[in-house]
>>> print(open('run20.tsv').read())   # TSV, C-alpha atoms
chain	number	residue	atom	x	y	z
A	1	ARG	CA	82.51	-21.68	41.59
A	2	SER	CA	79.49	-20.37	43.55
A	3	TRP	CA	77.10	-22.29	41.28
A	4	PHE	CA	79.01	-25.53	41.86
A	5	ASP	CA	78.92	-24.89	45.61
A	6	TYR	CA	75.18	-24.32	45.37
A	7	VAL	CA	74.73	-27.75	43.69
A	8	HIS	CA	76.69	-29.39	46.51
A	9	LEU	CA	74.67	-27.49	49.09
A	10	LEU	CA	71.38	-28.74	47.64
A	11	ASP	CA	72.76	-32.27	47.43
A	12	GLU	CA	73.82	-32.25	51.09
A	13	SER	CA	70.47	-30.81	52.12
A	14	ILE	CA	68.64	-33.66	50.33
A	15	LEU	CA	70.99	-36.20	51.90
A	16	GLU	CA	70.37	-34.83	55.42
A	17	GLU	CA	66.61	-35.04	54.95
A	18	LEU	CA	66.84	-38.57	53.60
A	19	GLN	CA	69.13	-39.60	56.48
A	20	ALA	CA	66.71	-38.16	59.03
A	21	ALA	CA	63.77	-39.94	57.43
A	22	ALA	CA	65.65	-43.26	57.20
A	23	LYS	CA	66.85	-43.02	60.81
A	24	ALA	CA	63.35	-42.17	62.08
A	25	ASN	CA	61.84	-45.10	60.23
A	26	ILE	CA	64.45	-47.57	61.50
A	27	LEU	CA	63.98	-46.32	65.08
A	28	GLU	CA	60.22	-46.74	64.62
A	29	PHE	CA	60.86	-50.27	63.35
A	30	LEU	CA	63.10	-50.94	66.36
A	31	SER	CA	60.33	-49.74	68.67
A	32	THR	CA	57.88	-52.03	66.85
A	33	ILE	CA	59.96	-55.17	67.30
A	34	CYS	CA	61.09	-54.41	70.88
A	35	GLY	CA	58.08	-52.66	72.40
A	36	GLU	CA	58.38	-49.70	74.73
A	37	GLU	CA	59.10	-49.76	78.43
A	38	LYS	CA	57.57	-46.37	79.15
A	39	SER	CA	54.23	-47.17	77.57
A	40	LYS	CA	54.50	-50.82	78.62
A	41	THR	CA	53.67	-52.03	75.16
A	42	ASN	CA	54.68	-55.47	73.93
A	43	PRO	CA	56.52	-56.00	70.67
A	44	THR	CA	54.29	-56.09	67.62
A	45	GLN	CA	54.38	-59.53	66.04
A	46	ILE	CA	55.15	-58.62	62.44
A	47	PHE	CA	56.88	-61.88	61.49
A	48	LYS	CA	55.62	-65.44	61.55
A	49	VAL	CA	57.38	-68.80	61.71
A	50	TYR	CA	55.87	-72.25	61.85
A	51	ILE	CA	56.81	-75.09	64.15
A	52	VAL	CA	56.86	-78.12	61.90
A	53	LEU	CA	57.82	-81.75	62.20
A	54	ASN	CA	61.23	-82.51	60.75
A	55	THR	CA	61.06	-86.01	59.27
A	56	ASP	CA	64.77	-86.18	58.50
A	57	GLU	CA	66.15	-89.37	60.09
A	58	LYS	CA	69.19	-87.61	61.55
A	59	ALA	CA	67.26	-84.68	63.04
A	60	GLN	CA	63.79	-86.08	63.57
A	61	GLY	CA	61.57	-83.93	65.71
A	62	PRO	CA	60.20	-80.37	65.88
A	63	ASP	CA	61.89	-77.54	64.04
A	64	PHE	CA	61.11	-74.10	62.62
A	65	GLU	CA	60.03	-73.25	59.09
A	66	PRO	CA	61.78	-71.29	57.82
A	67	ALA	CA	64.87	-72.45	59.73
A	68	ILE	CA	66.27	-69.77	62.06
A	69	PRO	CA	69.48	-69.13	60.04
A	70	THR	CA	67.37	-68.74	56.89
A	71	PHE	CA	64.90	-66.54	58.78
A	72	LEU	CA	67.66	-64.17	59.96
A	73	GLU	CA	69.14	-64.06	56.48
A	74	ARG	CA	65.78	-63.10	55.01
A	75	LEU	CA	65.31	-60.36	57.61
A	76	SER	CA	68.73	-58.97	56.79
A	77	GLU	CA	67.82	-58.97	53.09
A	78	CYS	CA	64.57	-57.16	53.89
A	79	LEU	CA	66.49	-54.42	55.71
A	80	GLU	CA	68.82	-53.99	52.76
A	81	ASP	CA	65.87	-53.94	50.37
A	82	CYS	CA	64.49	-50.94	52.27
A	83	PHE	CA	67.34	-48.89	50.77
A	84	SER	CA	66.91	-50.15	47.21
A	85	PRO	CA	64.56	-47.28	46.16
A	86	PHE	CA	67.44	-44.86	46.72
A	87	ASP	CA	69.45	-46.66	44.02
A	88	SER	CA	67.38	-44.78	41.47
A	89	ILE	CA	68.04	-41.34	43.02
A	90	VAL	CA	71.29	-40.02	41.54
A	91	ARG	CA	73.33	-37.47	43.51
A	92	LEU	CA	72.96	-33.87	42.20
A	93	PRO	CA	76.65	-33.37	41.24
A	94	VAL	CA	76.54	-36.60	39.27
A	95	ARG	CA	73.30	-35.62	37.57
A	96	THR	CA	74.70	-32.15	36.78
A	97	PHE	CA	77.89	-33.63	35.36
A	98	GLU	CA	76.00	-36.12	33.19
A	99	GLU	CA	73.59	-33.52	31.85
A	100	ARG	CA	76.49	-31.13	31.13
A	101	GLN	CA	78.39	-33.83	29.22
A	102	LYS	CA	75.32	-34.55	27.09
A	103	LEU	CA	74.94	-30.85	26.29
A	104	ILE	CA	78.58	-30.56	25.30
A	105	GLU	CA	78.32	-33.53	22.98
A	106	GLN	CA	75.16	-32.12	21.37
A	107	LEU	CA	76.78	-28.72	20.77
A	108	LYS	CA	79.92	-30.25	19.34
A	109	GLU	CA	77.86	-32.34	16.97
A	110	ALA	CA	75.79	-29.34	15.90
A	111	LEU	CA	78.91	-27.19	15.24
A	112	SER	CA	80.55	-29.98	13.34
A	113	LEU	CA	77.57	-30.29	11.01
A	114	GLU	CA	77.36	-26.50	10.53
A	115	ASN	CA	81.07	-26.06	9.75
A	116	GLY	CA	81.08	-28.99	7.41
A	117	SER	CA	78.41	-27.35	5.22
A	118	LYS	CA	80.53	-24.20	4.66
A	119	LYS	CA	83.26	-24.44	2.02
A	120	ASN	CA	85.15	-21.33	3.08
A	121	SER	CA	87.04	-22.14	6.26
A	122	PHE	CA	87.15	-18.37	7.01
A	123	HIS	CA	83.51	-18.55	8.03
A	124	GLN	CA	83.86	-21.66	10.27
A	125	LYS	CA	82.71	-21.18	13.92
A	126	LYS	CA	84.94	-22.02	16.84
A	127	PRO	CA	83.62	-24.44	19.56
A	128	GLN	CA	82.07	-22.71	22.55
A	129	GLN	CA	84.33	-22.74	25.60
A	130	PHE	CA	82.76	-24.29	28.77
A	131	ILE	CA	83.78	-23.49	32.28
A	132	GLU	CA	85.92	-26.33	33.58
A	133	LEU	CA	84.48	-28.35	36.51
A	134	PRO	CA	86.49	-28.40	39.75
A	135	ASP	CA	88.34	-31.67	40.43
A	136	ASP	CA	86.35	-32.27	43.63
A	137	PHE	CA	82.96	-31.56	42.03
A	138	ILE	CA	81.99	-35.25	41.68
A	139	ASP	CA	82.75	-38.37	43.69
A	140	GLN	CA	82.09	-41.41	41.52
A	141	SER	CA	81.88	-43.64	44.62
A	142	GLN	CA	78.80	-41.67	45.70
A	143	TYR	CA	76.81	-42.12	42.51
A	144	THR	CA	73.48	-42.46	44.39
A	145	PHE	CA	72.28	-41.72	47.93
A	146	THR	CA	72.19	-45.42	48.96
A	147	ARG	CA	75.73	-45.79	50.24
A	148	ALA	CA	75.69	-42.56	52.22
A	149	LEU	CA	72.31	-43.38	53.75
A	150	PHE	CA	73.30	-46.90	54.72
A	151	LYS	CA	76.48	-45.59	56.36
A	152	ALA	CA	74.54	-42.94	58.29
A	153	VAL	CA	72.15	-45.49	59.86
A	154	SER	CA	74.57	-48.40	60.21
A	155	GLY	CA	74.43	-48.13	64.02
A	156	GLU	CA	70.64	-48.37	64.09
A	157	ILE	CA	70.69	-51.29	61.66
A	158	GLY	CA	73.23	-53.03	63.87
A	159	GLU	CA	70.89	-52.61	66.84
A	160	VAL	CA	67.99	-54.03	64.82
A	161	ASN	CA	70.05	-57.09	63.90
A	162	LYS	CA	71.13	-57.49	67.52
A	163	GLN	CA	67.53	-57.39	68.77
A	164	LEU	CA	66.41	-59.86	66.11
A	165	ARG	CA	69.16	-62.28	67.13
A	166	LEU	CA	68.16	-61.96	70.79
A	167	GLN	CA	64.54	-62.61	69.93
A	168	THR	CA	65.35	-65.63	67.77
A	169	ASP	CA	67.34	-67.01	70.73
A	170	ARG	CA	64.15	-66.75	72.78
A	171	LEU	CA	62.32	-68.29	69.88
A	172	MET	CA	64.45	-71.44	70.16
A	173	GLU	CA	63.13	-71.91	73.69
A	174	GLN	CA	59.67	-72.37	72.20
A	175	LEU	CA	60.83	-75.68	70.71
A	176	LEU	CA	61.59	-77.21	74.10
A	177	PRO	CA	57.99	-78.14	75.04
A	178	TRP	CA	57.59	-79.86	71.68
A	179	LYS	CA	60.67	-81.98	72.31
A	180	LYS	CA	59.09	-83.72	75.29
A	181	ASN	CA	59.28	-87.51	75.34
A	182	SER	CA	55.49	-87.72	75.32
A	183	PHE	CA	55.58	-86.30	71.79
A	184	LEU	CA	58.77	-87.79	70.41
A	185	HIS	CA	57.98	-91.35	71.47
A	186	LEU	CA	55.40	-91.40	68.68
A	187	PHE	CA	58.36	-92.01	66.34
A	188	SER	CA	59.93	-94.75	68.41
A	189	PRO	CA	59.68	-98.32	67.02
A	190	ASP	CA	59.74	-99.57	70.63
A	191	TYR	CA	56.68	-97.47	71.41
A	192	LYS	CA	54.79	-98.98	68.48
A	193	SER	CA	55.80	-102.57	69.31
A	194	TYR	CA	54.78	-102.14	72.96
A	195	GLY	CA	51.09	-102.24	72.06
A	196	ASN	CA	51.61	-105.51	70.19
A	197	SER	CA	53.40	-107.03	73.16
A	198	LEU	CA	50.46	-106.17	75.42
A	199	LEU	CA	48.15	-108.20	73.20
A	200	GLU	CA	50.57	-111.09	72.83
A	201	LYS	CA	51.00	-111.35	76.60
A	202	GLY	CA	47.26	-111.33	77.19
A	203	THR	CA	47.55	-108.23	79.37
A	204	HIS	CA	44.69	-107.42	81.76
A	205	ILE	CA	42.00	-105.25	80.24
A	206	ASP	CA	42.73	-102.40	82.68
A	207	VAL	CA	46.30	-102.11	81.37
A	208	LEU	CA	45.11	-102.35	77.78
A	209	ARG	CA	42.40	-99.74	78.33
A	210	LYS	CA	44.92	-97.42	79.99
A	211	ARG	CA	47.17	-97.80	76.96
A	212	VAL	CA	44.35	-96.85	74.58
A	213	GLN	CA	43.33	-93.93	76.80
A	214	SER	CA	46.92	-92.63	76.85
A	215	TYR	CA	46.42	-91.56	73.24
A	216	ASP	CA	43.42	-89.45	74.29
A	217	GLU	CA	45.49	-87.84	77.04
A	218	LEU	CA	48.32	-87.14	74.61
A	219	GLN	CA	45.85	-85.59	72.18
A	220	ASN	CA	44.68	-83.15	74.86
A	221	GLU	CA	48.29	-82.39	75.76
A	222	ILE	CA	49.10	-81.57	72.12
A	223	GLN	CA	46.15	-79.21	71.75
A	224	GLU	CA	46.78	-77.46	75.07
A	225	GLU	CA	50.45	-76.77	74.33
A	226	LYS	CA	51.23	-73.03	74.37
A	227	SER	CA	51.27	-71.43	70.94
A	228	GLY	CA	54.07	-68.90	71.45
A	229	ASP	CA	55.53	-65.88	73.26
A	230	ASP	CA	53.88	-62.46	72.94
A	231	GLN	CA	57.05	-60.80	74.28
A	232	ILE	CA	58.84	-61.15	70.95
A	233	CYS	CA	58.10	-59.75	67.50
A	234	ILE	CA	57.92	-63.19	65.90
A	235	GLN	CA	54.60	-64.97	65.94
A	236	ILE	CA	54.74	-68.75	66.25
A	237	ASP	CA	52.18	-70.81	64.37
A	238	THR	CA	51.83	-74.31	65.84
A	239	SER	CA	48.96	-75.44	63.62
A	240	ARG	CA	51.18	-77.58	61.38
A	241	ILE	CA	52.93	-79.52	64.12
A	242	LYS	CA	49.69	-79.93	66.06
A	243	SER	CA	48.01	-81.29	62.96
A	244	LYS	CA	50.90	-83.67	62.23
A	245	LEU	CA	51.21	-84.94	65.80
A	246	THR	CA	47.43	-85.31	66.04
A	247	ASP	CA	47.39	-87.40	62.87
A	248	LEU	CA	50.28	-89.57	64.09
A	249	ASN	CA	48.68	-90.03	67.49
A	250	TYR	CA	45.32	-90.91	65.94
A	251	GLU	CA	46.92	-93.41	63.56
A	252	GLU	CA	48.77	-95.09	66.42
A	253	GLN	CA	45.60	-95.39	68.49
A	254	LYS	CA	43.65	-96.61	65.47
A	255	SER	CA	46.36	-99.16	64.71
A	256	LEU	CA	46.25	-100.51	68.27
A	257	LEU	CA	42.44	-100.70	68.22
A	258	THR	CA	42.61	-102.50	64.87
A	259	ARG	CA	45.01	-105.07	66.32
A	260	ILE	CA	42.73	-105.52	69.33
A	261	LYS	CA	39.76	-106.05	67.03
A	262	GLU	CA	41.61	-108.53	64.81
A	263	LYS	CA	42.76	-110.56	67.81
A	264	SER	CA	39.32	-110.47	69.41
A	265	ILE	CA	37.46	-111.43	66.24
A	266	ASP	CA	39.92	-114.24	65.50
A	267	GLU	CA	39.43	-115.52	69.04
A	268	LEU	CA	35.67	-115.15	68.80
A	269	ARG	CA	35.51	-116.91	65.46
A	270	GLY	CA	37.78	-119.68	66.77
A	271	LEU	CA	35.48	-120.33	69.75
A	272	ILE	CA	32.31	-120.43	67.63
A	273	ARG	CA	34.05	-122.81	65.21
A	274	LYS	CA	35.26	-124.99	68.07
A	275	PHE	CA	31.73	-125.28	69.48
A	276	SER	CA	30.30	-126.14	66.07
A	277	ASP	CA	33.04	-128.60	65.05
A	278	SER	CA	32.94	-130.34	68.44
A	279	GLU	CA	29.20	-130.86	68.19
A	280	LYS	CA	29.55	-132.35	64.70
A	281	ALA	CA	32.37	-134.67	65.77
A	282	LEU	CA	30.59	-135.93	68.89
A	283	SER	CA	27.13	-136.20	67.32
A	284	THR	CA	28.14	-139.15	65.08
A	285	PRO	CA	26.94	-142.39	66.74
A	286	ALA	CA	29.75	-144.82	67.66
A	287	SER	CA	29.52	-148.06	65.70
A	288	ASP	CA	31.96	-150.10	67.79
A	289	LEU	CA	34.15	-149.99	70.88
A	290	LYS	CA	36.98	-148.32	68.94
A	291	LYS	CA	34.71	-145.47	67.91
A	292	ILE	CA	33.32	-145.10	71.41
A	293	LYS	CA	36.86	-144.92	72.74
A	294	GLU	CA	37.78	-142.15	70.26
A	295	SER	CA	34.60	-140.28	71.18
A	296	MET	CA	35.36	-140.53	74.89
A	297	GLU	CA	38.96	-139.35	74.38
A	298	LEU	CA	37.72	-136.31	72.39
A	299	TRP	CA	35.17	-135.60	75.10
A	300	GLU	CA	37.88	-135.77	77.77
A	301	MET	CA	40.02	-133.26	75.85
A	302	LEU	CA	37.14	-130.82	75.27
A	303	ASN	CA	35.82	-131.11	78.79
A	304	GLY	CA	39.31	-130.31	80.08
A	305	GLN	CA	39.22	-127.04	78.11
A	306	VAL	CA	35.88	-125.82	79.48
A	307	VAL	CA	37.39	-123.97	82.45
A	308	SER	CA	40.06	-122.17	80.40
A	309	ILE	CA	37.50	-121.27	77.72
A	310	GLU	CA	35.16	-119.81	80.33
A	311	GLU	CA	38.01	-117.84	81.91
A	312	GLY	CA	38.86	-116.38	78.49
A	313	LEU	CA	35.32	-115.24	77.76
A	314	GLY	CA	35.45	-112.35	80.26
A	315	PRO	CA	38.65	-110.77	78.87
A	316	LEU	CA	37.36	-111.28	75.32
A	317	GLU	CA	34.09	-109.52	76.13
A	318	ASP	CA	36.02	-106.74	77.92
A	319	ARG	CA	38.11	-106.11	74.80
A	320	LEU	CA	34.99	-106.03	72.65
A	321	ARG	CA	33.38	-103.50	75.01
A	322	LEU	CA	36.56	-101.41	74.83
A	323	LEU	CA	36.19	-101.40	71.05
A	324	ASP	CA	32.56	-100.31	71.46
A	325	ASP	CA	33.70	-97.36	73.59
A	326	TYR	CA	35.78	-96.17	70.64
A	327	MET	CA	32.95	-96.58	68.14
A	328	THR	CA	34.51	-99.54	66.36
A	329	VAL	CA	32.36	-100.85	63.51
A	330	PHE	CA	31.70	-104.59	63.31
A	331	LYS	CA	30.39	-106.59	60.37
A	332	ASP	CA	26.97	-108.23	60.70
A	333	GLU	CA	28.58	-111.66	60.98
A	334	GLU	CA	30.88	-110.47	63.76
A	335	THR	CA	28.01	-108.84	65.62
A	336	LYS	CA	25.99	-112.05	65.35
A	337	MET	CA	28.87	-114.11	66.80
A	338	ARG	CA	29.18	-111.65	69.71
A	339	VAL	CA	25.49	-111.97	70.52
A	340	GLN	CA	25.64	-115.78	70.32
A	341	LEU	CA	28.89	-116.20	72.28
A	342	ARG	CA	27.50	-116.90	75.76
A	343	ASP	CA	24.60	-118.99	74.49
A	344	SER	CA	26.99	-120.94	72.27
A	345	PHE	CA	29.27	-121.60	75.22
A	346	ASP	CA	26.37	-122.68	77.45
A	347	GLY	CA	25.15	-124.90	74.64
A	348	PHE	CA	28.66	-126.35	74.29
A	349	VAL	CA	28.86	-127.16	78.01
A	350	GLY	CA	25.35	-128.66	77.97
A	351	PHE	CA	26.20	-130.67	74.90
A	352	LEU	CA	29.32	-132.11	76.57
A	353	LYS	CA	27.20	-133.21	79.56
A	354	LYS	CA	24.75	-134.91	77.23
A	355	VAL	CA	27.58	-136.56	75.29
A	356	ARG	CA	29.02	-137.89	78.55
A	357	VAL	CA	25.72	-139.50	79.46
A	358	ASP	CA	25.25	-140.81	75.92
A	359	ASN	CA	28.77	-142.26	75.88
A	360	GLU	CA	28.18	-144.00	79.20
A	361	VAL	CA	24.91	-145.46	77.95
A	362	THR	CA	26.51	-146.49	74.66
A	363	TYR	CA	29.47	-147.96	76.49
A	364	GLU	CA	27.20	-150.00	78.80
A	365	THR	CA	25.18	-151.16	75.82
A	366	PHE	CA	28.33	-152.25	73.98
A	367	LYS	CA	29.59	-153.87	77.17
A	368	LYS	CA	26.39	-155.83	77.76
A	369	ASP	CA	26.28	-156.87	74.12
A	370	HIS	CA	29.92	-157.90	74.28
A	371	ASN	CA	29.36	-159.88	77.51
A	372	ALA	CA	26.26	-161.55	76.07
A	373	ARG	CA	28.17	-162.63	72.98
A	374	LEU	CA	31.03	-163.84	75.13
A	375	GLU	CA	28.64	-165.92	77.25
A	376	GLU	CA	26.99	-167.30	74.09
A	377	PHE	CA	30.40	-168.24	72.71
A	378	GLU	CA	31.41	-169.99	75.95
A	379	ARG	CA	28.09	-171.93	76.05
A	380	GLU	CA	28.61	-173.10	72.50
A	381	ILE	CA	32.08	-174.33	73.34
A	382	ARG	CA	30.83	-176.25	76.35
A	383	GLU	CA	28.09	-177.89	74.33
A	384	LYS	CA	30.56	-179.04	71.69
A	385	ARG	CA	32.66	-180.73	74.32
>>> encode(input="run20.tsv", output="structure tokens")
Amino acid sequence: RSWFDYVHLLDESILEELQAAAKANILEFLSTICGEEKSKTNPTQIFKVYIVLNTDEKAQGPDFEPAIPTFLERLSECLEDCFSPFDSIVRLPVRTFEERQKLIEQLKEALSLENGSKKNSFHQKKPQQFIELPDDFIDQSQYTFTRALFKAVSGEIGEVNKQLRLQTDRLMEQLLPWKKNSFLHLFSPDYKSYGNSLLEKGTHIDVLRKRVQSYDELQNEIQEEKSGDDQICIQIDTSRIKSKLTDLNYEEQKSLLTRIKEKSIDELRGLIRKFSDSEKALSTPASDLKKIKESMELWEMLNGQVVSIEEGLGPLEDRLRLLDDYMTVFKDEETKMRVQLRDSFDGFVGFLKKVRVDNEVTYETFKKDHNARLEEFEREIREKR
């Protein structure tokens, strides 16, 4: 019995040492994730989560990766995995029992072979008698040290889980700045259509410029947003959401600038074409009164547009300068039209003045010719009478 007690004594001694080591390590881990008030040390950030952009239609906006429930589950698994090495350390009574059973089986087999080789049963050996094990020698539920260790430090593990839950609650607060309207409106269809409406309404350049500049301001706001909280053990990486929001913001600004360019170039090309087509139409000499009438009507229409065209040149040039400020690239043809715009307009106005004089001269010439023919016709009639 004393030998069996000695086995149990050794087993308990090993268990106590393992329990002390496990408890010390968990307390050290607890100190790491919580910091220490006495030494005024902050928690050590040993975990990392990313703030990412959730593109799911139902929950669009910032979120964590991994998600907080998944994160806590993984931490819990990590704590349990810390005890997995003890699964391979079998309790001493169990090991003793297993080794003893193997020895018994080996001896029985050896005796069986020896007795079977002797024909005279008088010489057969009797099996060796082994001391019976006490009923309480082995507890099959305590096959390894894992269960006993886990039970011994369950309180400390509970405290670790509690602190991790508290810190993940604080972690959720880090999402709030990223849920600001200034960020989330990047996903709003109304926000995207607003830029189009500004162009369609012919909004003043100051309003349009302010709209374009708002993307620059938002970009600075994104980059300056706080990265995380050094009072918790979980480090927050904002690089992914910053990158995504920056890309979205840039694309929105680029899209608006593209629409401004398209509208401006279409308008510019339309004016240059109008000047050219008008000159061609009014340069054809009138061959009769009907033609001179059509020419004068066209001149009246074009001359009536001069003021509105001139008023539109300033806003058009302002939009083009805005595009220059944002390093917009123009084709050679577009650049040439920009350079020629004012000269083309001045030439158009000068041409209309010349056409007016020419039409008056042509009209007077046709009128005199018509009157002369009328007088000739009347004279011929009188002579025939």
>>> atom_distance(input="run20.tsv", atom1="CA of Trp178 in chain A", atom2="CA of Pro62 in chain A")
6.4 Å
>>> atom_distance(input="run20.tsv", atom1="CA of Lys263 in chain A", atom2="CA of Ser188 in chain A")
23.3 Å
>>> axis_aligned_box(input="run20.tsv", around="range 225-234 of chain A", padding_each_side="4 Å", output="JSON")
{"center_x": 54.6, "center_y": -68.3, "center_z": 70.1, "size_x": 16.4, "size_y": 25.0, "size_z": 16.5}
>>> closest_residue(input="run20.tsv", among="A:Lys274, A:Lys290, A:Arg209, A:Arg379", to="Phe348 in chain A", atoms="all atoms listed in the file")
A:Lys274
>>> atom_distance(input="run20.tsv", atom1="CA of Glu383 in chain A", atom2="CA of Lys367 in chain A")
24.2 Å
>>> closest_residue(input="run20.tsv", among="A:Leu171, A:Val153, A:Val357, A:Leu79", to="Asp63 in chain A", atoms="only C-alpha atoms")
A:Leu171
>>> closest_residue(input="run20.tsv", among="A:Ile292, A:Leu256, A:Val52, A:Cys233", to="Val361 in chain A", atoms="only C-alpha atoms")
A:Ile292
>>> residues_around(input="run20.tsv", residues="Leu320 in chain A", least_positions_apart="4", cutoff="12 Å", atoms="all atoms listed in the file", output="number ranges by chain")
A: 205, 208-209, 257-268, 313-316, 324-330, 334-335, 337-339, 341
>>> build_atoms(input="run20.tsv", residues="range 309-316 of chain A", atoms="all heavy atoms", output="tab-separated table (two decimals), in the coordinates of the input")
chain	number	residue	atom	x	y	z
A	309	ILE	N	38.35	-122.01	78.68
A	309	ILE	CA	37.50	-121.27	77.72
A	309	ILE	C	36.64	-120.26	78.45
A	309	ILE	O	36.52	-119.10	78.05
A	309	ILE	CB	36.63	-122.24	76.90
A	309	ILE	CG1	37.50	-123.07	75.95
A	309	ILE	CG2	35.58	-121.48	76.10
A	309	ILE	CD1	36.75	-124.13	75.19
A	310	GLU	N	36.04	-120.70	79.56
A	310	GLU	CA	35.16	-119.81	80.33
A	310	GLU	C	35.95	-118.64	80.91
A	310	GLU	O	35.47	-117.51	80.93
A	310	GLU	CB	34.47	-120.60	81.45
A	310	GLU	CG	33.44	-119.77	82.19
A	310	GLU	CD	32.64	-120.59	83.17
A	310	GLU	OE1	33.08	-121.70	83.53
A	310	GLU	OE2	31.57	-120.13	83.60
A	311	GLU	N	37.17	-118.91	81.37
A	311	GLU	CA	38.01	-117.84	81.91
A	311	GLU	C	38.39	-116.83	80.84
A	311	GLU	O	38.62	-115.65	81.13
A	311	GLU	CB	39.27	-118.44	82.54
A	311	GLU	CG	39.01	-119.21	83.83
A	311	GLU	CD	40.25	-119.88	84.35
A	311	GLU	OE1	41.26	-119.93	83.60
A	311	GLU	OE2	40.26	-120.36	85.51
A	312	GLY	N	38.49	-117.27	79.59
A	312	GLY	CA	38.86	-116.38	78.49
A	312	GLY	C	37.71	-115.56	77.95
A	312	GLY	O	37.93	-114.56	77.24
A	313	LEU	N	36.47	-115.97	78.28
A	313	LEU	CA	35.32	-115.24	77.76
A	313	LEU	C	35.24	-113.82	78.32
A	313	LEU	O	34.93	-112.87	77.60
A	313	LEU	CB	34.02	-115.99	78.08
A	313	LEU	CG	33.80	-117.32	77.36
A	313	LEU	CD1	32.46	-117.92	77.77
A	313	LEU	CD2	33.86	-117.14	75.85
A	314	GLY	N	35.52	-113.67	79.62
A	314	GLY	CA	35.45	-112.35	80.26
A	314	GLY	C	36.40	-111.35	79.62
A	314	GLY	O	35.98	-110.27	79.19
A	315	PRO	N	37.70	-111.69	79.53
A	315	PRO	CA	38.65	-110.77	78.87
A	315	PRO	C	38.27	-110.48	77.42
A	315	PRO	O	38.45	-109.34	76.95
A	315	PRO	CB	39.99	-111.52	78.96
A	315	PRO	CG	39.85	-112.38	80.16
A	315	PRO	CD	38.40	-112.81	80.18
A	316	LEU	N	37.76	-111.49	76.70
A	316	LEU	CA	37.36	-111.28	75.32
A	316	LEU	C	36.22	-110.27	75.25
A	316	LEU	O	36.24	-109.33	74.43
A	316	LEU	CB	36.95	-112.61	74.68
A	316	LEU	CG	36.32	-112.53	73.28
A	316	LEU	CD1	37.29	-111.87	72.30
A	316	LEU	CD2	35.93	-113.93	72.79
